[in-house]
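Coordinates as given in data06.txt (compact mmCIF, C-alpha atoms and all ligand atoms):
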```
# COMPACT_ATOMS: atom_id res chain seq x y z
CA MET K 1 -34.89 76.94 -12.25
CA SER K 2 -32.35 79.17 -10.74
CA SER K 3 -30.83 78.92 -7.29
CA THR K 4 -33.07 81.75 -6.07
CA GLU K 5 -36.22 79.66 -6.65
CA LYS K 6 -37.74 77.58 -3.95
CA CYS K 7 -35.96 74.27 -3.46
CA PRO K 8 -37.92 71.06 -4.19
CA ARG K 9 -39.00 68.81 -1.40
CA THR K 10 -36.68 66.03 -0.30
CA GLU K 11 -39.24 63.48 -1.51
CA ALA K 12 -38.93 64.88 -5.02
CA ILE K 13 -35.15 64.49 -4.94
CA SER K 14 -35.55 60.94 -3.66
CA ALA K 15 -38.05 60.24 -6.44
CA ARG K 16 -35.50 61.56 -8.94
CA VAL K 17 -32.93 59.09 -7.64
CA ASP K 18 -35.49 56.28 -7.96
CA ASN K 19 -36.38 57.38 -11.52
CA GLU K 20 -39.96 57.97 -10.45
CA LEU K 21 -40.30 61.52 -11.82
CA VAL K 22 -41.97 62.16 -15.18
CA GLU K 23 -40.17 64.06 -17.93
CA PRO K 24 -41.00 67.76 -17.26
CA ALA K 25 -40.55 67.50 -13.50
CA ARG K 26 -37.32 65.54 -13.85
CA ILE K 27 -35.78 68.12 -16.22
CA ALA K 28 -36.81 70.99 -13.96
CA LEU K 29 -35.39 69.27 -10.89
CA ASP K 30 -32.11 68.47 -12.65
CA ALA K 31 -31.79 72.10 -13.72
CA HIS K 32 -32.44 73.32 -10.18
CA VAL K 33 -30.08 70.83 -8.52
CA ALA K 34 -27.30 71.71 -10.96
CA GLY K 35 -27.36 75.31 -9.74
CA CYS K 36 -28.33 74.87 -6.08
CA ALA K 37 -25.74 74.53 -3.31
CA ILE K 38 -28.34 72.99 -0.97
CA CYS K 39 -29.97 70.39 -3.21
CA ALA K 40 -26.85 69.14 -5.02
CA PRO K 41 -25.34 67.49 -1.89
CA VAL K 42 -28.72 66.00 -1.01
CA LEU K 43 -29.00 64.43 -4.46
CA ALA K 44 -25.43 63.17 -4.27
CA GLU K 45 -26.11 61.68 -0.84
CA PHE K 46 -29.25 59.93 -2.06
CA ARG K 47 -27.37 58.51 -5.05
CA GLN K 48 -24.58 57.30 -2.78
CA LEU K 49 -27.13 55.74 -0.44
CA ARG K 50 -28.88 54.00 -3.34
CA ALA K 51 -25.57 52.65 -4.63
CA THR K 52 -24.66 51.41 -1.16
CA PHE K 53 -27.98 49.64 -0.74
CA ALA K 54 -27.72 48.12 -4.20
CA ALA K 55 -24.28 46.71 -3.31
CA LEU K 56 -25.63 44.87 -0.27
CA PRO K 57 -26.01 41.13 -0.74
CA ASP K 58 -29.42 39.57 -0.61
CA VAL K 59 -29.98 38.02 2.77
CA ALA K 60 -32.03 34.88 3.07
CA PRO K 61 -32.70 33.95 6.68
CA ASN K 62 -32.02 30.33 7.52
CA VAL K 63 -33.55 30.65 10.95
CA ASP K 64 -37.15 30.11 11.92
CA PHE K 65 -37.95 33.43 13.52
CA ALA K 66 -41.38 32.31 14.64
CA PHE K 67 -39.79 29.63 16.80
CA LEU K 68 -37.37 32.15 18.34
CA VAL K 69 -40.15 34.62 19.05
CA ASP K 70 -42.31 31.91 20.58
CA ARG K 71 -39.42 30.86 22.81
CA ARG K 72 -38.84 34.42 23.94
CA ILE K 73 -42.52 34.88 24.67
CA ALA K 74 -42.51 31.67 26.67
CA ALA K 75 -39.46 32.90 28.60
CA THR K 76 -41.32 36.03 29.67
CA GLY K 77 -43.82 33.92 31.58
CA VAL K 78 -46.87 35.18 29.75
CA PRO K 79 -49.39 32.33 29.76
CA LYS K 80 -50.45 30.93 26.44
CA PRO K 81 -54.01 31.61 25.48
CA LYS K 82 -56.24 28.71 26.43
CA ARG K 83 -57.93 26.67 23.78
CA GLN K 84 -61.57 27.41 23.61
CA ARG K 85 -63.66 24.59 24.98
CA TRP K 86 -67.00 23.89 23.42
CA ARG K 87 -70.00 24.52 25.59
CA TRP K 88 -73.08 22.34 25.35
CA TRP K 89 -75.18 25.16 23.95
CA GLN K 90 -72.65 25.71 21.18
CA LEU K 91 -73.02 22.08 20.10
CA ALA K 92 -76.83 22.08 20.29
CA PRO K 93 -77.45 23.29 16.70
CA ALA K 94 -75.05 20.71 15.29
CA THR K 95 -76.62 17.99 17.42
CA LEU K 96 -80.12 18.99 16.36
CA GLY K 97 -79.04 19.03 12.71
CA ALA K 98 -77.47 15.59 13.04
CA ALA K 99 -80.59 14.20 14.71
CA LEU K 100 -82.83 15.64 12.00
CA SER K 101 -80.56 14.28 9.27
CA LEU K 102 -80.57 10.81 10.78
CA SER K 103 -84.34 10.89 11.24
CA LEU K 104 -84.89 12.00 7.66
CA GLY K 105 -82.49 9.33 6.44
CA GLY K 106 -84.30 6.66 8.46
CA TYR K 107 -87.67 7.82 7.18
CA LEU K 108 -86.56 7.89 3.55
CA GLY K 109 -84.79 4.55 3.90
CA GLY K 110 -87.90 3.03 5.45
CA ALA K 111 -90.04 4.41 2.64
CA LEU K 112 -87.72 2.79 0.13
CA VAL K 113 -87.85 -0.58 1.90
CA LEU K 114 -91.64 -0.49 2.33
CA GLY K 115 -92.06 0.59 -1.27
CA SER K 116 -90.04 -2.40 -2.43
CA GLN K 117 -92.21 -4.74 -0.35
CA VAL K 118 -95.34 -3.33 -1.91
CA ALA K 119 -93.87 -3.85 -5.36
CA ALA K 120 -92.82 -7.40 -4.50
CA GLN K 121 -96.19 -8.39 -3.09
CA PRO K 122 -97.94 -9.01 -6.45
CA ALA K 123 -95.10 -11.35 -7.45
CA ALA K 124 -95.60 -13.25 -4.21
CA LEU K 125 -99.28 -13.56 -5.00
CA GLN K 126 -98.44 -14.93 -8.44
CA MET K 127 -96.17 -17.50 -6.86
CA ALA K 128 -99.03 -18.62 -4.64
CA ALA K 129 -100.17 -20.83 -7.53
CA PHE K 130 -97.24 -23.12 -6.82
CA THR K 131 -98.20 -23.97 -3.27
CA ALA K 132 -98.70 -27.48 -1.98
CA ILE K 133 -102.48 -27.08 -2.16
CA PRO K 134 -103.68 -27.49 -5.74
CA PRO K 135 -105.83 -24.76 -7.28
CA GLY K 136 -109.41 -25.33 -6.33
CA GLY K 137 -108.33 -27.25 -3.24
CA LEU K 138 -110.18 -26.55 -0.06
CA CYS K 139 -108.62 -24.93 2.87
CA PRO K 140 -109.87 -26.06 6.25
CA ALA K 141 -109.76 -22.47 7.42
CA LEU K 142 -109.22 -19.23 5.53
CA GLN K 143 -105.93 -18.46 7.18
CA ALA K 144 -104.65 -22.03 6.97
CA CYS K 145 -103.56 -21.83 3.32
CA ASN K 146 -102.20 -18.29 3.26
CA SER K 147 -102.90 -14.86 4.58
CA MET K 148 -105.28 -14.07 1.71
CA GLY K 149 -107.43 -17.08 2.36
CA ARG K 150 -107.00 -18.66 -1.07
ZN ZN M 201 -32.30 73.74 -4.05
```

Hey, can you dump this file as C-alpha cells for me?
Amino acid sequence: MSSTEKCPRTEAISARVDNELVEPARIALDAHVAGCAICAPVLAEFRQLRATFAALPDVAPNVDFAFLVDRRIAATGVPKPKRQRWRWWQLAPATLGAALSLSLGGYLGGALVLGSQVAAQPAALQMAAFTAIPPGGLCPALQACNSMGR
C-alpha cells in the first residue's frame, strides 16, 4: 500500500497491536503504516498504550464491594424489597399433596398390617389344638371355646 491509498480503520490498527490480524492483512497494514504519516503515530500510540497497560500491576481487591454498595444503598433511604409472604392459596397445592401422600401412606400401611393378620390367622387356628379344652371336648356354647366354635 502506498500513502495515497485509503487508510485502514483504527480497529484494524488496534488488532495489529494485539496480534489479531492474519498474515496477508498484517503484511498489508504494516506496509501502509510504514509509509503513512497518519497511521504511523496511531500505531505507535497503540503500542505505547499496550506497553503501559502491560506494565500495570495486577490488582486484587481486598474489599467486599457488595457490602459497600449495600451500605450506600441503605444510606440513600431506599427501602429494601419486602420478603414475599406466602398466601394461603399458594400453599394449597402443597397441602393437598401432603394430605394425599399421608392418606396413601396410611392406606398402604393398613393394607400391609391387615395382610399380615390374614397370613397369621391360619397359624392361630393351628395353635387352637393346644387349648385347655381337649380335642373332641364339648363346648357349652359355640362362642365359649373360641370364635370359630370349635
Ligand atoms: Zn494511513

* Asked: Within 7 Å of ligand ZN 201 (chain M), counting only C-alpha atoms and all ligand atoms, which protein or nucleic acid residues do you find, written as an MDAnalysis selection string?
  -> chainID K and resid 3 6:8 32:33 36:39

Could you write out that same residue set with C-alpha atoms as a short mmCIF file (atom, residue, chain, number, x, y, z; two decimals), in the coordinates of the input?
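The resulting file, again_30.cif, is shown below:
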```
data_model
loop_
_atom_site.label_atom_id
_atom_site.label_comp_id
_atom_site.auth_asym_id
_atom_site.auth_seq_id
_atom_site.Cartn_x
_atom_site.Cartn_y
_atom_site.Cartn_z
CA SER K 3 -30.83 78.92 -7.29
CA LYS K 6 -37.74 77.58 -3.95
CA CYS K 7 -35.96 74.27 -3.46
CA PRO K 8 -37.92 71.06 -4.19
CA HIS K 32 -32.44 73.32 -10.18
CA VAL K 33 -30.08 70.83 -8.52
CA CYS K 36 -28.33 74.87 -6.08
CA ALA K 37 -25.74 74.53 -3.31
CA ILE K 38 -28.34 72.99 -0.97
CA CYS K 39 -29.97 70.39 -3.21
#
```

* Asked: In terms of the shortest atom-to-atom distance over all atoms listed in the file, which of K:Ala75, K:Ile13, K:Val69, K:Ala60 is closest to Glu45 of chain K?
  ->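 Closest candidate: K:Ile13.
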
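Our summary of the geometry notes that atom CA of Gly97 of chain K is positioned 25.0 Å from atom CA of Arg83 of chain K.
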
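Comparing the minimum interatomic distances between Arg16 of chain K and each of K:Leu29, K:Leu68, K:Ala99, K:Ala40, counting only C-alpha atoms, we find that K:Leu29 sits nearest.
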
* Looking at all atoms listed in the file, which of K:Ala98, K:Ala12, K:Leu91, K:Val17 is the one that sits closest to Arg50 of chain K? ->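 Using all atoms listed in the file, the shortest distance to Arg50 of chain K belongs to K:Val17.
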
* To do: Give the answer as one residue: which of K:Arg47, K:Arg72, K:Arg87, K:Lys80 has the shortest atom-to-atom distance to Asp18 of chain K, using only C-alpha atoms?
  =>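 The shortest atom-to-atom distance to Asp18 of chain K comes from K:Arg47.
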
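When only C-alpha atoms are used to measure the gap to Ser14 of chain K, the shortest distance among K:Ala55, K:Ala74, K:Leu49, K:Val113 belongs to K:Leu49.
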
* To do: Mind giving me the straight-line distance from atom CA of Ala94 of chain K to atom CA of Lys82 of chain K in Å, one decimal?
  => 23.3 Å

* Just give me the gap between atom CA of Thr10 of chain K and atom CA of Ala44 of chain K in Å, one decimal is fine. =>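 Separation between atom CA of Thr10 of chain K and atom CA of Ala44 of chain K: 12.3 Å.
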
Could you rebuild segment 71-92 of chain K with N, CA and C atoms and give it back as a tab-separated table (two decimals), keeping the file's coordinate frame?
```
chain	number	residue	atom	x	y	z
K	71	ARG	N	-40.25	31.21	21.66
K	71	ARG	CA	-39.42	30.86	22.81
K	71	ARG	C	-39.20	32.07	23.72
K	72	ARG	N	-39.01	33.22	23.11
K	72	ARG	CA	-38.84	34.42	23.94
K	72	ARG	C	-40.12	34.78	24.67
K	73	ILE	N	-41.24	34.60	24.01
K	73	ILE	CA	-42.52	34.88	24.67
K	73	ILE	C	-42.72	33.91	25.82
K	74	ALA	N	-42.37	32.66	25.60
K	74	ALA	CA	-42.51	31.67	26.67
K	74	ALA	C	-41.58	32.00	27.83
K	75	ALA	N	-40.41	32.57	27.54
K	75	ALA	CA	-39.46	32.90	28.60
K	75	ALA	C	-39.95	34.07	29.44
K	76	THR	N	-40.83	34.89	28.90
K	76	THR	CA	-41.32	36.03	29.67
K	76	THR	C	-42.34	35.60	30.71
K	77	GLY	N	-42.87	34.40	30.59
K	77	GLY	CA	-43.82	33.92	31.58
K	77	GLY	C	-45.25	34.28	31.27
K	78	VAL	N	-45.49	34.85	30.12
K	78	VAL	CA	-46.87	35.18	29.75
K	78	VAL	C	-47.58	33.87	29.41
K	79	PRO	N	-48.72	33.60	30.05
K	79	PRO	CA	-49.39	32.33	29.76
K	79	PRO	C	-49.94	32.30	28.35
K	80	LYS	N	-49.90	31.10	27.78
K	80	LYS	CA	-50.45	30.93	26.44
K	80	LYS	C	-51.97	31.05	26.51
K	81	PRO	N	-52.55	31.54	25.47
K	81	PRO	CA	-54.01	31.61	25.48
K	81	PRO	C	-54.59	30.20	25.50
K	82	LYS	N	-55.64	30.03	26.28
K	82	LYS	CA	-56.24	28.71	26.43
K	82	LYS	C	-57.05	28.39	25.18
K	83	ARG	N	-57.08	27.10	24.89
K	83	ARG	CA	-57.93	26.67	23.78
K	83	ARG	C	-59.38	26.80	24.22
K	84	GLN	N	-60.16	27.23	23.29
K	84	GLN	CA	-61.57	27.41	23.61
K	84	GLN	C	-62.25	26.05	23.71
K	85	ARG	N	-62.92	25.83	24.81
K	85	ARG	CA	-63.66	24.59	24.98
K	85	ARG	C	-65.08	24.81	24.49
K	86	TRP	N	-65.63	23.79	23.91
K	86	TRP	CA	-67.00	23.89	23.42
K	86	TRP	C	-67.96	23.77	24.59
K	87	ARG	N	-68.93	24.60	24.60
K	87	ARG	CA	-70.00	24.52	25.59
K	87	ARG	C	-71.14	23.73	24.98
K	88	TRP	N	-71.98	23.18	25.85
K	88	TRP	CA	-73.08	22.34	25.35
K	88	TRP	C	-74.01	23.11	24.45
K	89	TRP	N	-74.24	24.39	24.76
K	89	TRP	CA	-75.18	25.16	23.95
K	89	TRP	C	-74.58	25.52	22.61
K	90	GLN	N	-73.25	25.47	22.48
K	90	GLN	CA	-72.65	25.71	21.18
K	90	GLN	C	-72.76	24.48	20.28
K	91	LEU	N	-72.89	23.30	20.88
K	91	LEU	CA	-73.02	22.08	20.10
K	91	LEU	C	-74.47	21.73	19.81
K	92	ALA	N	-75.41	22.42	20.46
K	92	ALA	CA	-76.83	22.08	20.29
K	92	ALA	C	-77.30	22.19	18.84
```
